[in-house]
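Beneath this line is the structure, given in structure tokens, with notes to follow.
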Amino acid sequence: MILQKLHEYHSRLVREGNTQIPSFGFSVEKVWYEIELRSDGSFVFNPIFDTEGSRKIAKSLLVPLHSKRSGARPDPFFLCDNSKFVLGVGYPEDDEKTQPPIECHRKYKELFQTVCGDSENPEVQAVLRFFEVLRPDCISEVPGWTDDIIGRFLVFRVSGMRHYVHESPGIRELWMDFIGSNEEAHVGRCMISGEIGTITRIHDPIKGVRGGQSTGGTIVGFNDVAFWSYGGKSDETRFLNAPVGESVAAGYVAALNYLLRRGSSQMLLLNDTTLVFWSEAPAIIEPIFGDLIDPIDNGEADSDLMARIYNYLQSLRSGKMPADFQNSEETEFYILALSPNNARISIRDWLVSTVEKMSEHIGLYWREMMLIHDGSHFPEFPGIRMLLTQMAPLNDMKRIPPSWEGWLLRSILEGKCFPEPFLTAIFNRIRSGGHLSYPRISLIKAMLIRNYGKEVAMQLDWHNSSTGYRMGMLFAALEKAQRDASGPGLKATIRDRYFNAASSTPERVFPVLMKLSQSHLSKSGNIWDDQLITRVMSEISVFPKTLPLAEQGMFAIGYYHMKNEIYSKRNNQEVEDEGTN
């Protein structure tokens, strides 16, 4: 189903006239230099890459198909290849480890002559003249030469022409005739389209998966006899294990490479997982989905776009479907999670939903996460990467189990309960010296509502009778009394020393803290602190021996709510009035 949906997405992009998506027989590759062919038979090298500061960025061009190649004697590509094939020039060690550059160049010329045959096309003749005048041993004397060209991909352009040679309609036609005349092709039924046609032997590489090989990886492939369960009698028939038509294979690969392209708005990187997403038909949610589950303003994003996304988040959180989404509610939406596995690509997760259901679940998630902000640097809508980081030891997301990314994603997008290890991980971070940060408390709140059916308000709730919640409120009030008694010179509060024990074994800790608070109240003389502690204590009849994990979560939220209320800009009388309502 995954390959089928990717193939359909490719067909949709082609119908829409997307110029970045290659059709059958072509692929998008990164090219660094052009060889300008002059009328007198000479040539020069021109850089075509872009720069960002000191960094060079190759130009992405639609070129004749670059299929996967490996081994010590790889085949050449047509009209776009690296310096070994195009010029017969490689690194000094290439002669020892792989086939010599001069042999690569010979094969490159043979492929060109085979494809173009006896064509009288002027651009074909210009390339043939290039082969005649090229002297690999004197390449450094050619204008524009630099050692940076070695190993880079190059294309041809005839002087005076705006297009590259491979873009010439006549040469494209020659190339299509060539790839359609493969006598060794196997004809069969494609398992994706159901049509009879040529079955592809090797699926082209997929590039852009974080942590994957720079040459790309494959989703479909069989490299051992043990895997040749269908018709696998020899190396020449192993591809029949998963018979996919050439055009379908080219389509799904092109679509996936398009989603994984540099700067793609339909890709999200989560640790070692690369997430891509697309919709069945054009929908406004398609390019902004990543921002809805992981909204991050890096200061460089378009301010109007960020304002729109914030409005979408506000609408979803309030339970309203944004107006822009309403014309595509029934449109199917797909999410594919990939991770590297040597030369292969692993499917980590696959989700299928509709725009309406996806929006409902995202809105529910943000409602459950909604919490009064404490004024810290954390954003109002903490994204999934931030939440994973807040659960990780040393705030290093690489230290959490890889499966957690998928668990969190499914909890959000399918409305499922959050995994229990999340709550344990958050408390482990808090107990090991971490802060009760806004993202951590928000996730605790969402888990208590969804997993335990707790009623948790957005801000301080004097009517909440949860034992853990009242304990947390009391702890914050006792900390306030200590601060008022000690003044600005206080370096550590009872939170630093007693929070972990108070939230798990109140009976052992709170009698000590209550006795200590009498000294603090006597020293500060703050009547409001005394009244606040008394009001909180009025709902507490006994300090429980222990608090289960869910009540420890309520403790953390009660502490957060009370502390945020105490140190808000509202005066003490306003807080007192709220407590009596």
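Going by the structure tokens order, chains are called A, B, ..., each with residues numbered from 1, while ligands are numbered from 1 in the order shown.
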* To do: Apply DSSP to the backbone of this structure and, from range 193-338 of chain A, keep only the residues in alpha helix (DSSP H); write these as a PyMOL selection string.
  => chain A and resi 246-259+285-293+303-317
Same residues, N, CA, C and O atoms, saved as a short mmCIF file (atom, residue, chain, number, x, y, z; two decimals), in the first residue's frame:
data_model
loop_
_atom_site.label_atom_id
_atom_site.label_comp_id
_atom_site.auth_asym_id
_atom_site.auth_seq_id
_atom_site.Cartn_x
_atom_site.Cartn_y
_atom_site.Cartn_z
N GLU A 246 8.46 -0.85 -14.27
CA GLU A 246 9.50 0.18 -14.32
C GLU A 246 8.94 1.57 -14.06
O GLU A 246 9.52 2.36 -13.30
N SER A 247 7.82 1.90 -14.68
CA SER A 247 7.26 3.24 -14.51
C SER A 247 6.76 3.45 -13.09
O SER A 247 6.88 4.54 -12.52
N VAL A 248 6.19 2.39 -12.48
CA VAL A 248 5.70 2.50 -11.11
C VAL A 248 6.87 2.66 -10.15
O VAL A 248 6.84 3.49 -9.23
N ALA A 249 7.93 1.86 -10.34
CA ALA A 249 9.11 1.95 -9.48
C ALA A 249 9.74 3.34 -9.58
O ALA A 249 10.11 3.94 -8.57
N ALA A 250 9.85 3.84 -10.81
CA ALA A 250 10.41 5.17 -10.99
C ALA A 250 9.53 6.22 -10.33
O ALA A 250 10.03 7.20 -9.75
N GLY A 251 8.21 6.01 -10.39
CA GLY A 251 7.29 6.98 -9.81
C GLY A 251 7.36 7.05 -8.30
O GLY A 251 7.45 8.14 -7.72
N TYR A 252 7.34 5.91 -7.62
CA TYR A 252 7.36 5.94 -6.15
C TYR A 252 8.70 6.46 -5.64
O TYR A 252 8.76 7.18 -4.63
N VAL A 253 9.79 6.10 -6.32
CA VAL A 253 11.11 6.60 -5.92
C VAL A 253 11.19 8.11 -6.11
O VAL A 253 11.67 8.84 -5.25
N ALA A 254 10.69 8.59 -7.26
CA ALA A 254 10.71 10.03 -7.53
C ALA A 254 9.87 10.79 -6.51
O ALA A 254 10.28 11.86 -6.03
N ALA A 255 8.71 10.24 -6.16
CA ALA A 255 7.85 10.91 -5.18
C ALA A 255 8.51 10.96 -3.81
O ALA A 255 8.47 12.00 -3.13
N LEU A 256 9.14 9.87 -3.41
CA LEU A 256 9.78 9.83 -2.10
C LEU A 256 11.00 10.74 -2.05
O LEU A 256 11.23 11.45 -1.07
N ASN A 257 11.77 10.77 -3.13
CA ASN A 257 12.92 11.68 -3.18
C ASN A 257 12.46 13.13 -3.19
O ASN A 257 13.14 14.01 -2.66
N TYR A 258 11.31 13.39 -3.78
CA TYR A 258 10.75 14.75 -3.76
C TYR A 258 10.38 15.15 -2.34
O TYR A 258 10.66 16.27 -1.90
N LEU A 259 9.75 14.24 -1.61
CA LEU A 259 9.38 14.53 -0.23
C LEU A 259 10.60 14.72 0.65
O LEU A 259 10.56 15.47 1.64
N ILE A 285 -3.36 21.54 4.65
CA ILE A 285 -2.64 20.93 5.77
C ILE A 285 -1.34 20.26 5.31
O ILE A 285 -0.43 20.05 6.11
N GLU A 286 -1.25 19.93 4.02
CA GLU A 286 -0.11 19.16 3.52
C GLU A 286 1.24 19.81 3.82
O GLU A 286 2.12 19.18 4.39
N PRO A 287 1.46 21.09 3.47
CA PRO A 287 2.78 21.67 3.73
C PRO A 287 2.99 22.16 5.16
O PRO A 287 4.12 22.46 5.54
N ILE A 288 1.91 22.25 5.96
CA ILE A 288 2.07 22.81 7.31
C ILE A 288 1.87 21.77 8.40
O ILE A 288 1.93 22.10 9.58
N PHE A 289 1.65 20.51 8.02
CA PHE A 289 1.38 19.47 9.01
C PHE A 289 2.51 19.40 10.04
O PHE A 289 2.27 19.27 11.25
N GLY A 290 3.77 19.47 9.59
CA GLY A 290 4.90 19.41 10.51
C GLY A 290 4.86 20.53 11.54
O GLY A 290 5.22 20.32 12.70
N ASP A 291 4.39 21.70 11.12
CA ASP A 291 4.31 22.83 12.05
C ASP A 291 3.17 22.68 13.04
O ASP A 291 3.18 23.30 14.10
N LEU A 292 2.17 21.88 12.71
CA LEU A 292 1.04 21.69 13.62
C LEU A 292 1.38 20.75 14.77
O LEU A 292 0.82 20.86 15.86
N ILE A 293 2.30 19.80 14.55
CA ILE A 293 2.69 18.89 15.62
C ILE A 293 4.05 19.24 16.20
O ILE A 293 4.40 18.79 17.29
N SER A 303 7.16 35.45 8.92
CA SER A 303 6.32 35.88 10.04
C SER A 303 4.84 35.70 9.73
O SER A 303 4.05 35.34 10.61
N ASP A 304 4.43 35.94 8.48
CA ASP A 304 3.03 35.75 8.12
C ASP A 304 2.64 34.28 8.22
O ASP A 304 1.55 33.94 8.68
N LEU A 305 3.54 33.40 7.77
CA LEU A 305 3.26 31.97 7.84
C LEU A 305 3.15 31.52 9.30
O LEU A 305 2.25 30.77 9.65
N MET A 306 4.06 31.99 10.15
CA MET A 306 4.02 31.62 11.55
C MET A 306 2.74 32.11 12.21
O MET A 306 2.15 31.43 13.06
N ALA A 307 2.28 33.30 11.82
CA ALA A 307 1.03 33.84 12.37
C ALA A 307 -0.16 32.97 11.95
O ALA A 307 -1.06 32.69 12.75
N ARG A 308 -0.16 32.51 10.69
CA ARG A 308 -1.22 31.64 10.20
C ARG A 308 -1.22 30.32 10.96
O ARG A 308 -2.28 29.81 11.35
N ILE A 309 -0.04 29.75 11.15
CA ILE A 309 0.06 28.47 11.86
C ILE A 309 -0.42 28.62 13.29
O ILE A 309 -1.12 27.76 13.82
N TYR A 310 -0.05 29.74 13.93
CA TYR A 310 -0.51 29.98 15.30
C TYR A 310 -2.03 30.07 15.35
O TYR A 310 -2.66 29.52 16.26
N ASN A 311 -2.63 30.71 14.36
CA ASN A 311 -4.09 30.80 14.32
C ASN A 311 -4.72 29.43 14.10
O ASN A 311 -5.77 29.11 14.68
N TYR A 312 -4.07 28.61 13.24
CA TYR A 312 -4.57 27.24 13.03
C TYR A 312 -4.52 26.46 14.35
O TYR A 312 -5.45 25.74 14.70
N LEU A 313 -3.40 26.59 15.07
CA LEU A 313 -3.25 25.88 16.34
C LEU A 313 -4.30 26.33 17.35
O LEU A 313 -4.87 25.51 18.08
N GLN A 314 -4.54 27.61 17.40
CA GLN A 314 -5.55 28.14 18.30
C GLN A 314 -6.94 27.58 17.96
O GLN A 314 -7.72 27.21 18.85
N SER A 315 -7.25 27.53 16.65
CA SER A 315 -8.55 27.01 16.23
C SER A 315 -8.69 25.54 16.58
O SER A 315 -9.72 25.11 17.12
N LEU A 316 -7.66 24.75 16.27
CA LEU A 316 -7.71 23.32 16.56
C LEU A 316 -7.84 23.06 18.05
O LEU A 316 -8.59 22.18 18.48
N ARG A 317 -7.10 23.84 18.85
CA ARG A 317 -7.14 23.66 20.30
C ARG A 317 -8.51 23.99 20.87
O ARG A 317 -8.94 23.40 21.88
#
Find the residues around range 154-169 of chain A up to 8 Å (only C-alpha atoms counted), leave out those fewer than 5 positions away in its own chain, and share them as a tab-separated table (two decimals) with N, CA and C atoms, in the first residue's frame.
chain	number	residue	atom	x	y	z
A	31	VAL	N	24.22	18.60	-9.30
A	31	VAL	CA	25.27	18.85	-10.28
A	31	VAL	C	26.06	20.08	-9.86
A	32	TRP	N	27.38	20.03	-10.07
A	32	TRP	CA	28.26	21.09	-9.59
A	32	TRP	C	28.82	21.98	-10.71
A	33	TYR	N	29.15	21.37	-11.85
A	33	TYR	CA	29.80	22.12	-12.92
A	33	TYR	C	29.19	21.78	-14.27
A	34	GLU	N	29.30	22.73	-15.21
A	34	GLU	CA	28.92	22.48	-16.59
A	34	GLU	C	30.16	22.55	-17.46
A	35	ILE	N	30.14	21.79	-18.54
A	35	ILE	CA	31.19	21.86	-19.55
A	35	ILE	C	30.61	22.61	-20.73
A	36	GLU	N	31.09	23.82	-20.96
A	36	GLU	CA	30.58	24.65	-22.07
A	36	GLU	C	31.34	24.28	-23.34
A	37	LEU	N	30.61	23.78	-24.31
A	37	LEU	CA	31.20	23.34	-25.58
A	37	LEU	C	31.14	24.49	-26.58
A	38	ARG	N	32.31	24.94	-27.04
A	38	ARG	CA	32.38	26.06	-27.96
A	38	ARG	C	32.40	25.60	-29.42
A	39	SER	N	32.08	26.53	-30.31
A	39	SER	CA	31.96	26.19	-31.73
A	39	SER	C	33.27	25.77	-32.35
A	63	VAL	N	17.80	15.10	-14.84
A	63	VAL	CA	18.75	14.51	-15.80
A	63	VAL	C	18.29	13.09	-16.16
A	64	PRO	N	18.86	12.50	-17.24
A	64	PRO	CA	18.56	11.10	-17.54
A	64	PRO	C	18.82	10.23	-16.32
A	79	LEU	N	25.05	11.36	-20.08
A	79	LEU	CA	25.20	12.82	-20.17
A	79	LEU	C	25.32	13.56	-18.84
A	80	CYS	N	25.26	12.87	-17.71
A	80	CYS	CA	25.48	13.51	-16.42
A	80	CYS	C	26.14	12.49	-15.51
A	81	ASP	N	27.41	12.72	-15.21
A	81	ASP	CA	28.14	11.77	-14.39
A	81	ASP	C	29.31	12.50	-13.74
A	82	ASN	N	30.07	11.76	-12.93
A	82	ASN	CA	31.20	12.40	-12.25
A	82	ASN	C	32.42	12.47	-13.16
A	83	SER	N	33.48	13.10	-12.67
A	83	SER	CA	34.66	13.39	-13.50
A	83	SER	C	35.35	12.13	-14.01
A	86	VAL	N	33.06	11.25	-17.15
A	86	VAL	CA	32.96	12.31	-18.16
A	86	VAL	C	34.33	12.71	-18.69
A	123	GLU	N	23.86	19.13	-31.21
A	123	GLU	CA	24.37	19.01	-29.85
A	123	GLU	C	25.03	17.65	-29.63
A	126	ALA	N	28.42	18.09	-31.09
A	126	ALA	CA	29.29	18.90	-30.22
A	126	ALA	C	29.90	18.04	-29.12
A	127	VAL	N	29.11	17.11	-28.56
A	127	VAL	CA	29.64	16.23	-27.53
A	127	VAL	C	30.66	15.26	-28.13
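With only C-alpha atoms as the atoms that count, the minimum distance from Val456 in chain A to the choices A:Pro544, A:Pro205, A:Gly553, A:Gly212 is reached by A:Gly553.
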* Asked: What lies within 10 Å of Asp496 in chain A using only C-alpha atoms, ignoring chain neighbours under 5 positions off, as a list in words?
  -> Arg431, Gly433, His435 and Lys491 of chain A
If you keep C-alpha atoms, can you produce a file of those selected residues as a short mmCIF file (atom, residue, chain, number, x, y, z; two decimals), in the first residue's frame?
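Below is the file out_27.cif, written as the result:
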data_model
loop_
_atom_site.label_atom_id
_atom_site.label_comp_id
_atom_site.auth_asym_id
_atom_site.auth_seq_id
_atom_site.Cartn_x
_atom_site.Cartn_y
_atom_site.Cartn_z
CA ARG A 431 14.44 13.84 40.30
CA GLY A 433 17.98 17.72 38.94
CA HIS A 435 13.17 21.54 36.30
CA LYS A 491 20.42 29.92 47.20
#
* Residue contacts of Gly170 in chain A (12 Å, only C-alpha atoms) excluding same-chain residues fewer than 2 positions away, as a PyMOL selection string -> chain A and resi 115-116+119-124+165-168+172-177
* For range 502-519 of chain A, work out the shell of residues within 6 Å, counting only C-alpha atoms and skipping chain neighbours fewer than 3 positions away, then give it as a ChimeraX atom specification. => /A:498-499,522,543-547,552
With all heavy atoms retained, export the selected residues as a short mmCIF file (atom, residue, chain, number, x, y, z; two decimals), in the first residue's frame.
data_model
loop_
_atom_site.label_atom_id
_atom_site.label_comp_id
_atom_site.auth_asym_id
_atom_site.auth_seq_id
_atom_site.Cartn_x
_atom_site.Cartn_y
_atom_site.Cartn_z
N TYR A 498 13.67 18.60 49.05
CA TYR A 498 12.57 17.74 49.48
C TYR A 498 11.55 17.38 48.40
O TYR A 498 10.66 16.58 48.67
CB TYR A 498 11.82 18.40 50.64
CG TYR A 498 12.61 18.54 51.91
CD1 TYR A 498 13.14 19.77 52.30
CD2 TYR A 498 12.83 17.44 52.74
CE1 TYR A 498 13.86 19.90 53.47
CE2 TYR A 498 13.55 17.56 53.92
CZ TYR A 498 14.07 18.79 54.28
OH TYR A 498 14.78 18.91 55.45
N PHE A 499 11.62 17.97 47.23
CA PHE A 499 10.54 17.78 46.25
C PHE A 499 10.33 16.30 45.92
O PHE A 499 9.19 15.82 45.92
CB PHE A 499 10.83 18.56 44.96
CG PHE A 499 9.71 18.48 43.95
CD1 PHE A 499 8.67 19.39 43.97
CD2 PHE A 499 9.67 17.47 42.98
CE1 PHE A 499 7.63 19.31 43.07
CE2 PHE A 499 8.64 17.38 42.07
CZ PHE A 499 7.61 18.30 42.12
N SER A 522 7.30 32.90 61.45
CA SER A 522 7.67 33.77 62.58
C SER A 522 8.71 34.79 62.17
O SER A 522 8.68 35.95 62.59
CB SER A 522 8.20 32.92 63.74
OG SER A 522 7.21 32.03 64.20
N PHE A 543 -1.68 13.19 55.81
CA PHE A 543 -0.63 13.06 54.80
C PHE A 543 -0.49 11.58 54.45
O PHE A 543 -0.14 10.77 55.32
CB PHE A 543 0.71 13.59 55.32
CG PHE A 543 0.71 15.07 55.57
CD1 PHE A 543 0.98 15.57 56.85
CD2 PHE A 543 0.44 15.96 54.55
CE1 PHE A 543 1.00 16.93 57.09
CE2 PHE A 543 0.44 17.33 54.79
CZ PHE A 543 0.71 17.83 56.05
N PRO A 544 -0.76 11.20 53.19
CA PRO A 544 -0.69 9.78 52.82
C PRO A 544 0.75 9.25 52.91
O PRO A 544 1.71 10.00 52.76
CB PRO A 544 -1.21 9.75 51.38
CG PRO A 544 -1.00 11.14 50.86
CD PRO A 544 -1.16 12.05 52.04
N LYS A 545 0.83 7.96 53.16
CA LYS A 545 2.15 7.35 53.28
C LYS A 545 2.90 7.42 51.96
O LYS A 545 4.09 7.76 51.92
CB LYS A 545 2.00 5.89 53.74
CG LYS A 545 3.32 5.19 53.97
CD LYS A 545 3.12 3.78 54.53
CE LYS A 545 2.52 3.86 55.93
NZ LYS A 545 2.44 2.50 56.57
N THR A 546 2.22 7.10 50.87
CA THR A 546 2.84 7.16 49.54
C THR A 546 1.82 7.70 48.54
O THR A 546 0.61 7.66 48.78
CB THR A 546 3.31 5.78 49.05
OG1 THR A 546 2.19 4.89 48.99
CG2 THR A 546 4.38 5.21 49.96
N LEU A 547 2.32 8.18 47.42
CA LEU A 547 1.48 8.62 46.33
C LEU A 547 1.80 7.78 45.10
O LEU A 547 2.96 7.66 44.72
CB LEU A 547 1.72 10.10 46.00
CG LEU A 547 1.20 11.15 46.99
CD1 LEU A 547 1.57 12.55 46.51
CD2 LEU A 547 -0.31 11.04 47.15
N GLN A 552 1.43 11.52 41.83
CA GLN A 552 2.68 12.30 41.77
C GLN A 552 2.61 13.31 40.63
O GLN A 552 3.13 14.42 40.74
CB GLN A 552 3.87 11.37 41.59
CG GLN A 552 4.18 10.50 42.79
CD GLN A 552 5.38 9.60 42.56
OE1 GLN A 552 6.40 10.01 42.01
NE2 GLN A 552 5.26 8.33 42.98
#
* Structure fact -> Phe43 in chain A proximity check over A:Glu280, A:Glu141, A:Glu479, A:Glu539, using only C-alpha atoms: winner is A:Glu141
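Within the 12 Å cut-off around Asn464 in chain A, using only C-alpha atoms and omitting residues fewer than 5 positions from it on the same chain, the listed residues are Lys454, Glu455, Val456, Ala457, Met458, Gln459, Tyr469, Arg470, Met471, Gly472, Met473, Val536, Glu539, Ile540, Met554, Phe555, Ile557, Gly558, His561 and Gly579 of chain A.
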* strand (DSSP E or B) positions in range 5-175 of chain A, given as a PyMOL selection string -> chain A and resi 26-31+33-37+43-47+50-52+55-57+59-64+81-82+153-158
* To do: Might you pull out every residue within 12 Å of Glu329 in chain A, with only C-alpha atoms counted and same-chain residues fewer than 6 positions away left off, and present them as a list in words?
  => Ser279, Glu280, Ala281, Pro282, Ala283, Ile284, Ile285, Met321, Pro322, Ala323, Ser353, Thr354, Val355, Glu356, Lys357, Met358, Ser359 and Glu360 of chain A
Would you save the residues from that selection as a PDB file, in the first residue's frame, using N, CA, C and O atoms?
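Generated output (out_37.pdb):
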ATOM      1  N   SER A 279      -0.860  14.297   1.139  1.00  0.00           N
ATOM      2  CA  SER A 279      -2.302  14.048   1.108  1.00  0.00           C
ATOM      3  C   SER A 279      -2.717  13.491  -0.242  1.00  0.00           C
ATOM      4  O   SER A 279      -2.007  13.612  -1.235  1.00  0.00           O
ATOM      5  N   GLU A 280      -3.869  12.871  -0.248  1.00  0.00           N
ATOM      6  CA  GLU A 280      -4.403  12.251  -1.460  1.00  0.00           C
ATOM      7  C   GLU A 280      -4.635  13.281  -2.555  1.00  0.00           C
ATOM      8  O   GLU A 280      -4.414  13.017  -3.742  1.00  0.00           O
ATOM      9  N   ALA A 281      -5.074  14.457  -2.169  1.00  0.00           N
ATOM     10  CA  ALA A 281      -5.338  15.559  -3.084  1.00  0.00           C
ATOM     11  C   ALA A 281      -4.801  16.835  -2.439  1.00  0.00           C
ATOM     12  O   ALA A 281      -4.521  16.863  -1.241  1.00  0.00           O
ATOM     13  N   PRO A 282      -4.618  17.893  -3.220  1.00  0.00           N
ATOM     14  CA  PRO A 282      -4.101  19.136  -2.632  1.00  0.00           C
ATOM     15  C   PRO A 282      -4.923  19.579  -1.426  1.00  0.00           C
ATOM     16  O   PRO A 282      -6.150  19.624  -1.482  1.00  0.00           O
ATOM     17  N   ALA A 283      -4.238  19.877  -0.324  1.00  0.00           N
ATOM     18  CA  ALA A 283      -4.906  20.318   0.905  1.00  0.00           C
ATOM     19  C   ALA A 283      -3.974  21.265   1.639  1.00  0.00           C
ATOM     20  O   ALA A 283      -2.750  21.091   1.627  1.00  0.00           O
ATOM     21  N   ILE A 284      -4.532  22.258   2.291  1.00  0.00           N
ATOM     22  CA  ILE A 284      -3.736  23.274   2.976  1.00  0.00           C
ATOM     23  C   ILE A 284      -2.892  22.675   4.091  1.00  0.00           C
ATOM     24  O   ILE A 284      -1.817  23.183   4.435  1.00  0.00           O
ATOM     25  N   ILE A 285      -3.359  21.542   4.655  1.00  0.00           N
ATOM     26  CA  ILE A 285      -2.638  20.933   5.771  1.00  0.00           C
ATOM     27  C   ILE A 285      -1.342  20.262   5.314  1.00  0.00           C
ATOM     28  O   ILE A 285      -0.429  20.047   6.112  1.00  0.00           O
ATOM     29  N   MET A 321     -12.650  23.439  13.430  1.00  0.00           N
ATOM     30  CA  MET A 321     -11.930  23.115  12.208  1.00  0.00           C
ATOM     31  C   MET A 321     -11.606  24.422  11.486  1.00  0.00           C
ATOM     32  O   MET A 321     -12.502  25.200  11.178  1.00  0.00           O
ATOM     33  N   PRO A 322     -10.313  24.719  11.241  1.00  0.00           N
ATOM     34  CA  PRO A 322      -9.987  25.953  10.514  1.00  0.00           C
ATOM     35  C   PRO A 322     -10.716  26.015   9.184  1.00  0.00           C
ATOM     36  O   PRO A 322     -10.895  24.987   8.512  1.00  0.00           O
ATOM     37  N   ALA A 323     -11.131  27.193   8.804  1.00  0.00           N
ATOM     38  CA  ALA A 323     -11.915  27.357   7.572  1.00  0.00           C
ATOM     39  C   ALA A 323     -11.168  26.830   6.358  1.00  0.00           C
ATOM     40  O   ALA A 323     -11.775  26.250   5.450  1.00  0.00           O
ATOM     41  N   SER A 353      -4.915   8.345   7.547  1.00  0.00           N
ATOM     42  CA  SER A 353      -6.059   8.975   8.190  1.00  0.00           C
ATOM     43  C   SER A 353      -6.709   9.925   7.187  1.00  0.00           C
ATOM     44  O   SER A 353      -6.418   9.863   5.991  1.00  0.00           O
ATOM     45  N   THR A 354      -7.580  10.783   7.670  1.00  0.00           N
ATOM     46  CA  THR A 354      -8.158  11.835   6.836  1.00  0.00           C
ATOM     47  C   THR A 354      -7.816  13.175   7.455  1.00  0.00           C
ATOM     48  O   THR A 354      -7.449  13.256   8.632  1.00  0.00           O
ATOM     49  N   VAL A 355      -7.955  14.228   6.672  1.00  0.00           N
ATOM     50  CA  VAL A 355      -7.669  15.566   7.176  1.00  0.00           C
ATOM     51  C   VAL A 355      -8.550  15.885   8.378  1.00  0.00           C
ATOM     52  O   VAL A 355      -8.096  16.456   9.373  1.00  0.00           O
ATOM     53  N   GLU A 356      -9.808  15.471   8.319  1.00  0.00           N
ATOM     54  CA  GLU A 356     -10.732  15.758   9.422  1.00  0.00           C
ATOM     55  C   GLU A 356     -10.315  15.035  10.701  1.00  0.00           C
ATOM     56  O   GLU A 356     -10.209  15.646  11.768  1.00  0.00           O
ATOM     57  N   LYS A 357     -10.058  13.724  10.601  1.00  0.00           N
ATOM     58  CA  LYS A 357      -9.677  12.959  11.788  1.00  0.00           C
ATOM     59  C   LYS A 357      -8.340  13.443  12.341  1.00  0.00           C
ATOM     60  O   LYS A 357      -8.154  13.545  13.561  1.00  0.00           O
ATOM     61  N   MET A 358      -7.398  13.717  11.432  1.00  0.00           N
ATOM     62  CA  MET A 358      -6.092  14.187  11.865  1.00  0.00           C
ATOM     63  C   MET A 358      -6.224  15.509  12.617  1.00  0.00           C
ATOM     64  O   MET A 358      -5.608  15.722  13.666  1.00  0.00           O
ATOM     65  N   SER A 359      -7.046  16.394  12.089  1.00  0.00           N
ATOM     66  CA  SER A 359      -7.251  17.696  12.727  1.00  0.00           C
ATOM     67  C   SER A 359      -7.906  17.543  14.093  1.00  0.00           C
ATOM     68  O   SER A 359      -7.534  18.229  15.050  1.00  0.00           O
ATOM     69  N   GLU A 360      -8.886  16.647  14.184  1.00  0.00           N
ATOM     70  CA  GLU A 360      -9.569  16.421  15.465  1.00  0.00           C
ATOM     71  C   GLU A 360      -8.586  15.917  16.523  1.00  0.00           C
ATOM     72  O   GLU A 360      -8.602  16.381  17.675  1.00  0.00           O
TER      73      GLU A 360
END
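Our summary of the geometry notes that CA of Lys445 in chain A is positioned 8.2 Å from CA of Leu371 in chain A.
Minimum distance to Lys480 in chain A across A:Phe45, A:Thr19, A:Lys563, A:Thr534 (counting only C-alpha atoms) occurs at A:Lys563.
Shortest separation to His66 in chain A among A:Phe153, A:Phe222, A:Trp145, A:Phe49 occurs at residue A:Phe153, atoms counted being only C-alpha atoms.
With CA of Ser376 in chain A on one side and CA of Pro295 in chain A on the other, the separation reads 16.7 Å.
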